[in-house]
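Colleague: This structure is in structure tokens; I'll ask about it shortly.
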Amino acid sequence: MIRMAKQGNMTGRKAAAIRVTAILLAFLASSLFIRILGHNPLAVYGSMLVGAFGSPMRIRDTLTVAIPLTLTSIGILVAFKMKFWNIGAEGQILMGAFAASMVAYNLGNLSRWVVLPLMFLAGFVGGGLWALLPAWLKMKWNTNETIITLMLNYIAIKWITFLQYGPWRDPASMGFPKMPNFASGAIVPKLFGIQAGFLVAILFVVLAHYFMHHSKGGYEVAVVGESVDTARYAGMNVKKIVLTALVISGGISGIVGMLEASGVNHTLNASISAGYGFTAIITTWLSGLKPLVVLPVSILFAAMTKGGGYIQTVYQIPQAAAQVLQSMILFFVIGSEFFVQYKLVFQRKKSPNPQEGGQ
Amino acid sequence: MKRLSALFLALLVASATLFAGCAPKVTSDTEPQQQPEGQQEGQQGEAGTISKEDMVVGFIYVGPIGDGGYTWAHDQGRLFLEEQLGVKTIYKESVPENQEVEQVLRSMVDQGAKAIFATSFGYMDYVEKVSNEFPDVKFFHCSGYKTTANMANYFGRIYESRYLSGIVAGMKTESDIIGYVGAFPIPEVVRGINAFTLGAQSVNPDVKVKVVFTSTWYDPAKEKDAAISLLDQGADVIAQHQDTAGPQQAAQERGAFAIGYNSDMSEAAPAANMTSSVWNWGPYYVEQTQAVMDGTFASHSYWEGFSEGIVDLAPLTANAPEGAAAKVEEAKAKILDGSLFVFEGPLKDQTGAERVAAGVQMTDQEMLSFDWFVEGVEGKIE
Amino acid sequence: MQAQVFVKMENICKTFGNVKANDRINFDVHQGEIHALLGENGAGKSTLMNMLSGIYKPDSGSIQIHGKEVVFNTPKDSIEMGIGMIHQHYRLVEVQTAKENILLGRKGPFFMKGAHVSKDIREIGEKFGLPVDPEKKVYDMSIGEKQAVEILKVLYQGADILIMDEPTAVLTPQETRKLFAILRNMAAQGCAVIIITHKLHEVMEISDRVTVLRKGTTVGTLATKDTNPKALTDLMVGKTVDLAISRPPVERGRVLLEVKDLCAYDMDKVEVLRDISFKLHAGEVLGVAGVAGSGQKELCESIAGLYPVASGQILYEGESLVGNSPRDIIKKGISMSFIPEDRLGMGLVASMDMVDNFLLKEHHNQKGLWLKRKPIAEKCAEIIRRLEIKTPGVHHPVKQLSGGNIQKVLIGREIETNPHVLITAYAVRGLDIGASHTIYDLINEQKEKGVAILFIGEDLDVLLELCDRIMVLSEGAVTGIVRGDKATKEELGLLMAGEDLGMEVAQ
């Protein structure tokens, strides 16, 4: 008989040991897998590192992925802290990008100093409103936010696709379904070869840290997340807190949309969100809902993605196999959290002798 | 805690043996990333040519190479290139049409790629951007319209082949309804549908072509469902502008017939497939790679058909109607000698209005931005 | 000489995480006896009984039932050995009849012969003195009847070892007496009855023998006739304790809180408060008695602005509070404190530390965007000293503290705001005797400061000793307000049962 039991005395050292074991196991298991594919595990891991950090260009590319991951994670974190399961970041990114693009297409010829702040604001508003909707529905009719935010993703994707094939199709594209590129004034400039959005990401990590841990607003969000009854008891306006927090959550994702459209893609299409909205759920969770941890976790995650992509071209490993590798690593790391919280008790069929119990 | 340490130890031992067992392979496997960039550039600068040993060609695919369709056809071209020139190729499959393209392109340049073929329309702007970053590298973008000094675009007049396949379908259909599963309502697809319809009408004036768009290039299940919906509407032949053989299988399951696309799909649905419009990218890849190696590359827009052998029609199977082969050969010969031009007037649109006057041939520009269906097509471009 | 041994548990050990819930416990029950299992909260009573009913498995030790060694993997194994457990919270399907509930989860043909089963149920009921109508729907039943159904259910399953977890918590004294008669009857019929309790007078009244647990170990098993409440308490607590609760005489002040004709409905539109009227004076403790669910919770939450009021008035020094949210009440500057029944779910944030829990009230008073934790931490440290709260520090999550210390944190926070009105709901529930007395002392200290206190209680002895006046609720209505020093338990019991005694309302 095997059964689960809650871990009682989890020390930091023990938890660390479990996590390290998990990582070792992950490497062991994926090494086996790599061997089966006919490659040398150590060389492949080495290549993953090279692919993620091997040259200034690769570091830039890794960071380019880490920026939206970090920001989106921060956005999701605000909602998750409140136990509001916002899995609609993907849609919020797109709607933020949509709102920002509206500015870019209409005012793109103005000075960068006017256009970019407006786009930034529009991105926040677009994503924020898209998240406000499920929050309002939940407050009003107690709807299930998981389902609604998920479905809103698809609506956002279809909306952008509609624009791409319809009203916003580039007239100069000879009928090809693509939206025009932004004018240069609507493009986030580069700094050290990376889109300047990294400054925004770092700023929001710090802001989020202070907001969550040192501000009244963040404190209220945390209390609502722990217990709505307590929040009401303490005289908090729960509805207002939930709605505000979701506007912030979605708004940050909306900013991601603005940065991705403006700083990276220079146009709008339905795939600029690139799955960040979903991947960031994992990174948010792995960070333990701590803003300062979000940054390294996102960078590591981006490195894993980049490294995984690199080994595909170097070893011509099929994409599916590279994803299996990534998933295996994730599986072990997330799985280890189970063992930090629970332990398995192996029980003998016969009742054991009574001496053992006394210590 | 004790048990944990034991586990630790076991793990370490296990990993040690695993790694030790394969130590000798290390050097050969890590080879590709040890190519020093600067050295290559130096060599290139000396003569303006690139030796076979230094030549690396990159390919970026939108789907997996095992799709048995579009990406597979490109990958066949890549393998042909390797075989013909003995150059090294690298590829990455399933690259989405977003900023990841840029990163993959840069990563390939970093791995020494001197020529990169990007094989999906949505890659265009990213290729353009990266081409400006790396003037020494030659980029080839498939199915778009942009060029730069070191970025060419290329595509094939697959519509010529579609016209021939339309002849086969038009002869075969008994219900006079042919189903056509299209990916997106974009000029490339619309052009194919129109050519196919004109081909079918050339042998069967009553034929109707019903079109369903799936909004995806690659989704076996969705493509199959779309084909089933067409079969339910009375179609007895299914054609497709999709990357998988899903529609072929749908036809086979219903006892109907099908025309494939991208690659010879006769094996995917042996009881249904009659022929396929296929790509033959290999010769172009060889030619252009050679040009890059020789230093003779010039930016261009390449759009050729049967004459250059970049498109073809797969051999007709036993499912094809009697006499079709002869008709197809006849038409193909006419296309090759110029006596048949697929989009030559009179051409009417769905409303019956004449769009191209008799004797007038559509220009490339008009064909590239096709946004209307010819008469006989049932479907809407949205 | 000795009766047959029905249950024998030897050297039972059970650990949860690093807490030893049971440490080498020995426990045996004989045929025909009522055996009380006594101990404070957390002494390991429920853990032990859950092992007997197959919910937990012991880490080590042996269990013998009817002289046979057994290993229970599921509750079903235990039921098959003739053990029936009746939980504190009844597990009946409200919309079904007694018969359907009794048959629930039983093996046998899908369609039972209804008449046949009804007859069986009636027979068992008569044998043990359990008056249950098999065809009656559960929602039509009184608490006492529901309990009877629960008991019948386990008897019908063939149980001859009956475990009752705090069976009197929801009963009036009169219903308790009826239950005890039934239990005695069962013992006389040859069953073994185990009753889990922490109420001493019940142990003295009903049990033949008593086993006392303390901190997961057996302190001893005694024949009830050889012991007394004082001795049992000392065993339970582990030291000599003073059981008396004082009621300091305080000059009563003006009316601070007045409730007039208050009515409220729950979500199903059932009236939960009916025309409640009372006045609460400065410097008095007004107790509220009633069986569980008589409207106590709704009354407190209505006053605190957490429960919607349908009609009536709540006046704080003449100012109406009806329709105000807790936030409005705070904004108005009304200093009223409410210590809710659900400490970790409402009064405190379980996973946060003491400082953040104090912020719950304090953050309203802080200016600016940012929280200032330092002054609060100092205040917390001082309260830890003053109330002798046992905690590793001000930054330790409150949920990891013991029940008594959690309550001290909550009360400490509330009295820190110097309230004029203090509402406490079940302030000592789940606390051990020592901690309970600390709370009583704190309440008296507030009373002496002139605070008006509404004390919702469940132990009638405590209410009678502590409160100046006691208001009795029955089904949401006030059935009487009596003086604490004049009333008897008997009177309170009748009022709780909803009987109109025609008593004068104590002003």
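Scheme for the structure tokens: letters A, B, ... for chains in order shown; per-chain residue numbers from 1; ligand numbers from 1 in order shown.
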Can you pull out every residue within 9 Å of Phe80 of chain A, counting only C-alpha atoms, but drop anything in the same chain fewer than 6 positions away, and send it as a ChimeraX atom specification?
Modeller: /A:86,225,284-285,289
Colleague: Take the selection from the previous step and output its residues with N, CA and C atoms, as an mmCIF file, in the first residue's frame.
Modeller:
```cif
data_model
loop_
_atom_site.group_PDB
_atom_site.id
_atom_site.type_symbol
_atom_site.label_atom_id
_atom_site.label_comp_id
_atom_site.auth_asym_id
_atom_site.auth_seq_id
_atom_site.Cartn_x
_atom_site.Cartn_y
_atom_site.Cartn_z
ATOM 1 N N ASN A 86 -6.695 33.760 -14.074
ATOM 2 C CA ASN A 86 -6.683 34.437 -15.365
ATOM 3 C C ASN A 86 -5.772 33.693 -16.323
ATOM 4 N N GLY A 225 -7.235 37.329 -2.012
ATOM 5 C CA GLY A 225 -6.833 36.012 -2.495
ATOM 6 C C GLY A 225 -6.918 34.952 -1.417
ATOM 7 N N THR A 284 4.974 31.824 -14.060
ATOM 8 C CA THR A 284 4.418 32.465 -12.871
ATOM 9 C C THR A 284 4.343 31.462 -11.735
ATOM 10 N N TRP A 285 3.871 30.292 -12.072
ATOM 11 C CA TRP A 285 3.687 29.265 -11.059
ATOM 12 C C TRP A 285 5.041 28.824 -10.506
ATOM 13 N N LEU A 289 4.857 32.835 -7.311
ATOM 14 C CA LEU A 289 4.140 34.111 -7.230
ATOM 15 C C LEU A 289 4.987 35.204 -6.571
#
```
Colleague: DSSP on the backbone: what in segment 208-408 of chain C comes out strand (DSSP E or B), as a ChimeraX atom specification?
Modeller: /C:209-214,217-223,255-265,271-281,285-289,311-316,319-320,336-339,353,370,397
Colleague: Taking only C-alpha atoms into account, which residues of chain A are within 6 Å of chain B, as a list in words?
Modeller: Leu28, Met174, Gly175, Phe176, Asn265, Ser271, Ile272 and Thr313 of chain A
Colleague: Any chance you can output those residues with N, CA and C atoms as a short mmCIF file (atom, residue, chain, number, x, y, z; two decimals), in the first residue's frame?
Modeller:
```cif
data_model
loop_
_atom_site.label_atom_id
_atom_site.label_comp_id
_atom_site.auth_asym_id
_atom_site.auth_seq_id
_atom_site.Cartn_x
_atom_site.Cartn_y
_atom_site.Cartn_z
N LEU A 28 18.80 13.02 -16.23
CA LEU A 28 19.02 11.60 -16.43
C LEU A 28 18.01 11.05 -17.44
N MET A 174 -0.84 43.46 -52.29
CA MET A 174 -1.32 42.77 -53.47
C MET A 174 -2.27 41.63 -53.10
N GLY A 175 -3.15 41.90 -52.16
CA GLY A 175 -4.13 40.88 -51.83
C GLY A 175 -3.65 39.86 -50.81
N PHE A 176 -2.35 39.89 -50.50
CA PHE A 176 -1.88 38.97 -49.47
C PHE A 176 -2.41 39.43 -48.12
N ASN A 265 7.84 42.71 -33.89
CA ASN A 265 7.24 42.32 -35.16
C ASN A 265 7.03 43.49 -36.12
N SER A 271 -0.34 35.90 -34.46
CA SER A 271 0.62 35.03 -33.79
C SER A 271 1.72 35.82 -33.06
N ILE A 272 1.54 37.13 -32.90
CA ILE A 272 2.60 37.84 -32.18
C ILE A 272 2.63 37.46 -30.70
N THR A 313 18.46 22.48 -35.00
CA THR A 313 19.20 22.71 -36.24
C THR A 313 20.57 22.07 -36.19
#
```
Colleague: Would you please give, as a PyMOL selection string, all residues of segment 52-245 of chain B that DSSP assigns to helix (DSSP H, G or I) based on the backbone?
Modeller: chain B and resi 65-67+70-85+100-110+121-133+158-172+187-203+220-232
Colleague: Could those residues be written to a file, using C-alpha atoms, as a compact mmCIF listing (two decimals), in the first residue's frame?
Modeller:
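Result file follows (again_39.txt):
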```txt
# COMPACT_ATOMS: atom_id res chain seq x y z
CA ILE B 65 8.92 17.66 -42.46
CA GLY B 66 6.79 14.60 -41.98
CA ASP B 67 3.61 16.34 -43.11
CA TYR B 70 4.08 21.16 -48.45
CA THR B 71 6.97 21.04 -46.01
CA TRP B 72 7.83 17.53 -47.08
CA ALA B 73 8.13 18.71 -50.66
CA HIS B 74 10.53 21.48 -49.65
CA ASP B 75 12.52 19.04 -47.60
CA GLN B 76 12.78 16.75 -50.62
CA GLY B 77 14.30 19.73 -52.39
CA ARG B 78 16.76 20.16 -49.55
CA LEU B 79 17.79 16.50 -49.72
CA PHE B 80 18.17 16.80 -53.48
CA LEU B 81 20.42 19.79 -52.91
CA GLU B 82 22.60 17.87 -50.46
CA GLU B 83 22.86 15.02 -52.88
CA GLN B 84 23.66 17.16 -55.90
CA LEU B 85 26.13 19.61 -54.42
CA GLU B 100 10.64 33.56 -33.87
CA VAL B 101 11.43 33.59 -37.59
CA GLU B 102 13.97 36.36 -37.05
CA GLN B 103 15.61 34.45 -34.26
CA VAL B 104 15.80 31.26 -36.27
CA LEU B 105 17.27 33.16 -39.21
CA ARG B 106 19.92 34.79 -37.05
CA SER B 107 20.67 31.55 -35.35
CA MET B 108 21.24 29.91 -38.73
CA VAL B 109 23.51 32.72 -39.84
CA ASP B 110 25.37 32.21 -36.61
CA PHE B 121 4.44 33.48 -46.83
CA GLY B 122 4.15 34.78 -43.27
CA TYR B 123 7.94 34.84 -42.94
CA MET B 124 8.29 37.64 -45.48
CA ASP B 125 8.68 40.73 -43.33
CA TYR B 126 10.99 38.98 -40.88
CA VAL B 127 13.20 37.74 -43.70
CA GLU B 128 13.29 41.23 -45.13
CA LYS B 129 14.38 42.63 -41.79
CA VAL B 130 17.09 40.06 -41.18
CA SER B 131 18.34 40.32 -44.77
CA ASN B 132 19.18 43.93 -44.04
CA GLU B 133 21.14 42.87 -40.96
CA ILE B 158 1.46 25.58 -59.66
CA TYR B 159 -1.73 26.81 -61.27
CA GLU B 160 -0.55 25.26 -64.50
CA SER B 161 -0.50 21.90 -62.81
CA ARG B 162 -3.83 22.67 -61.13
CA TYR B 163 -5.35 23.23 -64.52
CA LEU B 164 -4.27 19.75 -65.59
CA SER B 165 -5.56 18.16 -62.41
CA GLY B 166 -8.85 19.98 -63.05
CA ILE B 167 -9.11 18.11 -66.33
CA VAL B 168 -8.82 14.79 -64.50
CA ALA B 169 -11.40 15.84 -61.92
CA GLY B 170 -13.80 17.25 -64.50
CA MET B 171 -13.75 13.99 -66.43
CA LYS B 172 -14.23 11.90 -63.34
CA PRO B 187 -4.46 35.10 -54.01
CA GLU B 188 -2.27 32.00 -54.10
CA VAL B 189 -5.19 29.77 -53.17
CA VAL B 190 -7.77 31.64 -55.22
CA ARG B 191 -5.52 31.37 -58.29
CA GLY B 192 -5.26 27.63 -57.80
CA ILE B 193 -9.00 27.21 -57.43
CA ASN B 194 -9.66 29.25 -60.55
CA ALA B 195 -7.10 27.35 -62.63
CA PHE B 196 -8.47 24.05 -61.40
CA THR B 197 -12.02 25.11 -62.22
CA LEU B 198 -11.04 26.27 -65.71
CA GLY B 199 -9.30 22.94 -66.29
CA ALA B 200 -12.37 21.01 -65.18
CA GLN B 201 -14.66 23.18 -67.27
CA SER B 202 -12.49 22.60 -70.33
CA VAL B 203 -13.68 18.99 -70.38
CA PRO B 220 -5.08 17.04 -40.63
CA ALA B 221 -8.31 16.74 -38.64
CA LYS B 222 -9.73 20.08 -39.68
CA GLU B 223 -8.85 19.52 -43.32
CA LYS B 224 -10.52 16.14 -43.22
CA ASP B 225 -13.66 17.59 -41.62
CA ALA B 226 -13.86 20.24 -44.31
CA ALA B 227 -13.63 17.57 -47.00
CA ILE B 228 -16.38 15.56 -45.31
CA SER B 229 -18.65 18.59 -45.30
CA LEU B 230 -18.08 18.96 -49.05
CA LEU B 231 -18.75 15.27 -49.63
CA ASP B 232 -21.97 15.70 -47.68
```
Colleague: Tell me which protein, DNA and RNA residues are within 8 Å of segment 359-364 of chain C, counting only C-alpha atoms, leaving out same-chain ones fewer than 4 positions away, and put them as a ChimeraX atom specification.
Modeller: /A:216,234 /C:355,371,373,376
Colleague: Show me, as a Markdown table, the residues of chain C having an atom within 6 Å of chain A, each with the closest atom pair and its distance in Å, using only C-alpha atoms.
Modeller:
```
| residue | atom | partner | partner_atom | distance |
| --- | --- | --- | --- | --- |
| C:Cys13 | CA | A:Gly357 | CA | 5.9 |
| C:Gly17 | CA | A:Gly8 | CA | 3.3 |
| C:Asn18 | CA | A:Gly8 | CA | 5.0 |
| C:Ser60 | CA | A:Pro354 | CA | 5.3 |
| C:Gly61 | CA | A:Pro354 | CA | 4.7 |
| C:Pro326 | CA | A:Gly235 | CA | 4.5 |
| C:Arg327 | CA | A:Gly235 | CA | 3.9 |
| C:Met346 | CA | A:Thr230 | CA | 4.0 |
| C:Gly347 | CA | A:Thr230 | CA | 5.8 |
| C:Leu360 | CA | A:Ala234 | CA | 5.8 |
| C:Leu369 | CA | A:Ser215 | CA | 5.7 |
| C:Trp370 | CA | A:Ser215 | CA | 4.2 |
| C:Leu371 | CA | A:Ser215 | CA | 5.3 |
```
Colleague: Write the residues you've just listed into a file as a PDB file, in the first residue's frame, and include C-alpha atoms for each of them.
Modeller:
```pdb
ATOM      1  CA  CYS C  13       0.730   5.576  17.234  1.00  0.00           C
ATOM      2  CA  GLY C  17       3.827  15.465   9.580  1.00  0.00           C
ATOM      3  CA  ASN C  18       5.882  16.063  12.671  1.00  0.00           C
ATOM      4  CA  SER C  60       1.832   1.194  14.509  1.00  0.00           C
ATOM      5  CA  GLY C  61      -0.083  -0.665  17.206  1.00  0.00           C
ATOM      6  CA  PRO C 326     -17.946  47.171   7.339  1.00  0.00           C
ATOM      7  CA  ARG C 327     -16.040  49.820   5.424  1.00  0.00           C
ATOM      8  CA  MET C 346     -12.815  35.614   8.420  1.00  0.00           C
ATOM      9  CA  GLY C 347     -11.143  37.264  11.363  1.00  0.00           C
ATOM     10  CA  LEU C 360      -6.111  44.249   8.302  1.00  0.00           C
ATOM     11  CA  LEU C 369       0.236  54.245  -0.929  1.00  0.00           C
ATOM     12  CA  TRP C 370       2.717  52.276   1.082  1.00  0.00           C
ATOM     13  CA  LEU C 371       2.318  50.143   4.155  1.00  0.00           C
TER      14      LEU C 371
END
```
Colleague: Nearest residue to Tyr302 of chain B out of B:Met274, B:Ala326, B:Ala152, B:Ala183, using only C-alpha atoms?
Modeller: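 Of the candidates, the smallest distance to Tyr302 of chain B is held by B:Ala152.
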Colleague: Do you have the atom CA of Met95 of chain A-atom CA of Gly193 of chain A distance handy?
Modeller: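 Result for atom CA of Met95 of chain A versus atom CA of Gly193 of chain A: 26.7 Å, one decimal.
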Colleague: Give me, as a count of residues only, all polymer residues having an atom no more than 9 Å from Lys297 of chain C, counting only C-alpha atoms and skipping those fewer than 4 positions away in the same chain.
Modeller: 7
Colleague: Which polymer residues have any atom within 9 Å of an atom of segment 114-126 of chain A, counting only C-alpha atoms, with same-chain residues fewer than 3 positions away left out, as a PyMOL selection string?
Modeller: chain A and resi 92-104+107-111+129-131+185-188+247-248+250-259+262
Colleague: Restricting it to N, CA and C atoms, dump the selection as a CSV table (one decimal), in the first residue's frame.
Modeller:
```csv
chain,number,residue,atom,x,y,z
A,92,GLN,N,-5.3,38.9,-23.8
A,92,GLN,CA,-5.0,40.2,-23.4
A,92,GLN,C,-3.8,40.8,-24.1
A,93,ILE,N,-2.8,40.0,-24.4
A,93,ILE,CA,-1.7,40.4,-25.2
A,93,ILE,C,-2.1,40.9,-26.5
A,94,LEU,N,-3.0,40.1,-27.1
A,94,LEU,CA,-3.5,40.5,-28.5
A,94,LEU,C,-4.3,41.7,-28.5
A,95,MET,N,-5.2,41.9,-27.5
A,95,MET,CA,-6.0,43.0,-27.5
A,95,MET,C,-5.2,44.3,-27.2
A,96,GLY,N,-4.2,44.1,-26.3
A,96,GLY,CA,-3.3,45.2,-26.1
A,96,GLY,C,-2.6,45.6,-27.4
A,97,ALA,N,-2.1,44.6,-28.1
A,97,ALA,CA,-1.4,44.9,-29.3
A,97,ALA,C,-2.4,45.5,-30.3
A,98,PHE,N,-3.6,45.1,-30.3
A,98,PHE,CA,-4.6,45.7,-31.2
A,98,PHE,C,-4.8,47.1,-30.9
A,99,ALA,N,-5.0,47.5,-29.6
A,99,ALA,CA,-5.2,48.9,-29.3
A,99,ALA,C,-4.0,49.7,-29.6
A,100,ALA,N,-2.8,49.2,-29.4
A,100,ALA,CA,-1.6,49.9,-29.7
A,100,ALA,C,-1.4,50.1,-31.2
A,101,SER,N,-1.8,49.1,-31.9
A,101,SER,CA,-1.7,49.1,-33.4
A,101,SER,C,-2.7,50.2,-33.9
A,102,MET,N,-3.8,50.3,-33.3
A,102,MET,CA,-4.8,51.3,-33.7
A,102,MET,C,-4.1,52.7,-33.7
A,103,VAL,N,-3.4,52.9,-32.6
A,103,VAL,CA,-2.7,54.2,-32.5
A,103,VAL,C,-1.6,54.3,-33.5
A,104,ALA,N,-0.8,53.2,-33.7
A,104,ALA,CA,0.3,53.2,-34.6
A,104,ALA,C,-0.2,53.4,-36.1
A,107,LEU,N,-1.8,57.3,-36.0
A,107,LEU,CA,-0.9,58.4,-35.6
A,107,LEU,C,0.5,58.1,-35.8
A,108,GLY,N,0.8,57.1,-36.5
A,108,GLY,CA,2.2,56.6,-36.6
A,108,GLY,C,3.2,57.6,-37.2
A,109,ASN,N,2.7,58.6,-37.9
A,109,ASN,CA,3.6,59.6,-38.5
A,109,ASN,C,4.0,60.7,-37.5
A,110,LEU,N,3.4,60.7,-36.4
A,110,LEU,CA,3.8,61.8,-35.4
A,110,LEU,C,5.1,61.4,-34.8
A,111,SER,N,5.6,62.3,-34.0
A,111,SER,CA,6.9,62.0,-33.3
A,111,SER,C,6.8,60.8,-32.5
A,129,LEU,N,-9.0,46.2,-20.4
A,129,LEU,CA,-10.4,46.0,-20.6
A,129,LEU,C,-10.8,44.6,-20.9
A,130,TRP,N,-9.9,43.9,-21.6
A,130,TRP,CA,-10.1,42.5,-22.0
A,130,TRP,C,-10.1,41.6,-20.8
A,131,ALA,N,-9.4,42.0,-19.7
A,131,ALA,CA,-9.4,41.3,-18.5
A,131,ALA,C,-10.5,41.8,-17.5
A,185,GLY,N,8.1,55.8,-36.5
A,185,GLY,CA,7.8,56.5,-35.2
A,185,GLY,C,7.0,55.6,-34.2
A,186,ALA,N,6.5,54.5,-34.7
A,186,ALA,CA,5.7,53.6,-33.9
A,186,ALA,C,6.4,52.4,-33.5
A,187,ILE,N,7.7,52.4,-33.7
A,187,ILE,CA,8.6,51.3,-33.4
A,187,ILE,C,9.4,51.5,-32.2
A,188,VAL,N,9.3,50.6,-31.2
A,188,VAL,CA,10.1,50.8,-30.0
A,188,VAL,C,11.6,50.6,-30.4
A,247,VAL,N,-7.7,44.8,-14.1
A,247,VAL,CA,-7.3,45.7,-15.1
A,247,VAL,C,-5.7,45.8,-15.1
A,248,ILE,N,-5.1,45.8,-13.9
A,248,ILE,CA,-3.7,45.8,-13.9
A,248,ILE,C,-3.1,44.6,-14.5
A,250,GLY,N,-4.4,42.4,-16.7
A,250,GLY,CA,-4.6,42.4,-18.2
A,250,GLY,C,-3.8,43.5,-18.8
A,251,GLY,N,-3.8,44.7,-18.1
A,251,GLY,CA,-3.1,45.8,-18.7
A,251,GLY,C,-1.6,45.5,-18.9
A,252,ILE,N,-1.0,44.8,-18.0
A,252,ILE,CA,0.4,44.5,-18.2
A,252,ILE,C,0.6,43.5,-19.4
A,253,SER,N,-0.3,42.6,-19.5
A,253,SER,CA,-0.2,41.7,-20.7
A,253,SER,C,-0.5,42.5,-21.9
A,254,GLY,N,-1.3,43.5,-21.8
A,254,GLY,CA,-1.6,44.4,-23.0
A,254,GLY,C,-0.3,45.1,-23.4
A,255,ILE,N,0.5,45.5,-22.4
A,255,ILE,CA,1.7,46.2,-22.7
A,255,ILE,C,2.7,45.2,-23.4
A,256,VAL,N,2.6,44.0,-23.0
A,256,VAL,CA,3.4,43.0,-23.8
A,256,VAL,C,3.0,43.0,-25.2
A,257,GLY,N,1.7,43.0,-25.5
A,257,GLY,CA,1.2,43.0,-26.8
A,257,GLY,C,1.8,44.2,-27.6
A,258,MET,N,1.8,45.4,-26.9
A,258,MET,CA,2.3,46.6,-27.6
A,258,MET,C,3.8,46.4,-27.9
A,259,LEU,N,4.5,45.9,-26.9
A,259,LEU,CA,6.0,45.8,-27.1
A,259,LEU,C,6.3,44.8,-28.2
A,262,SER,N,5.2,46.3,-31.6
A,262,SER,CA,6.0,47.5,-32.0
A,262,SER,C,7.5,47.2,-32.0
```
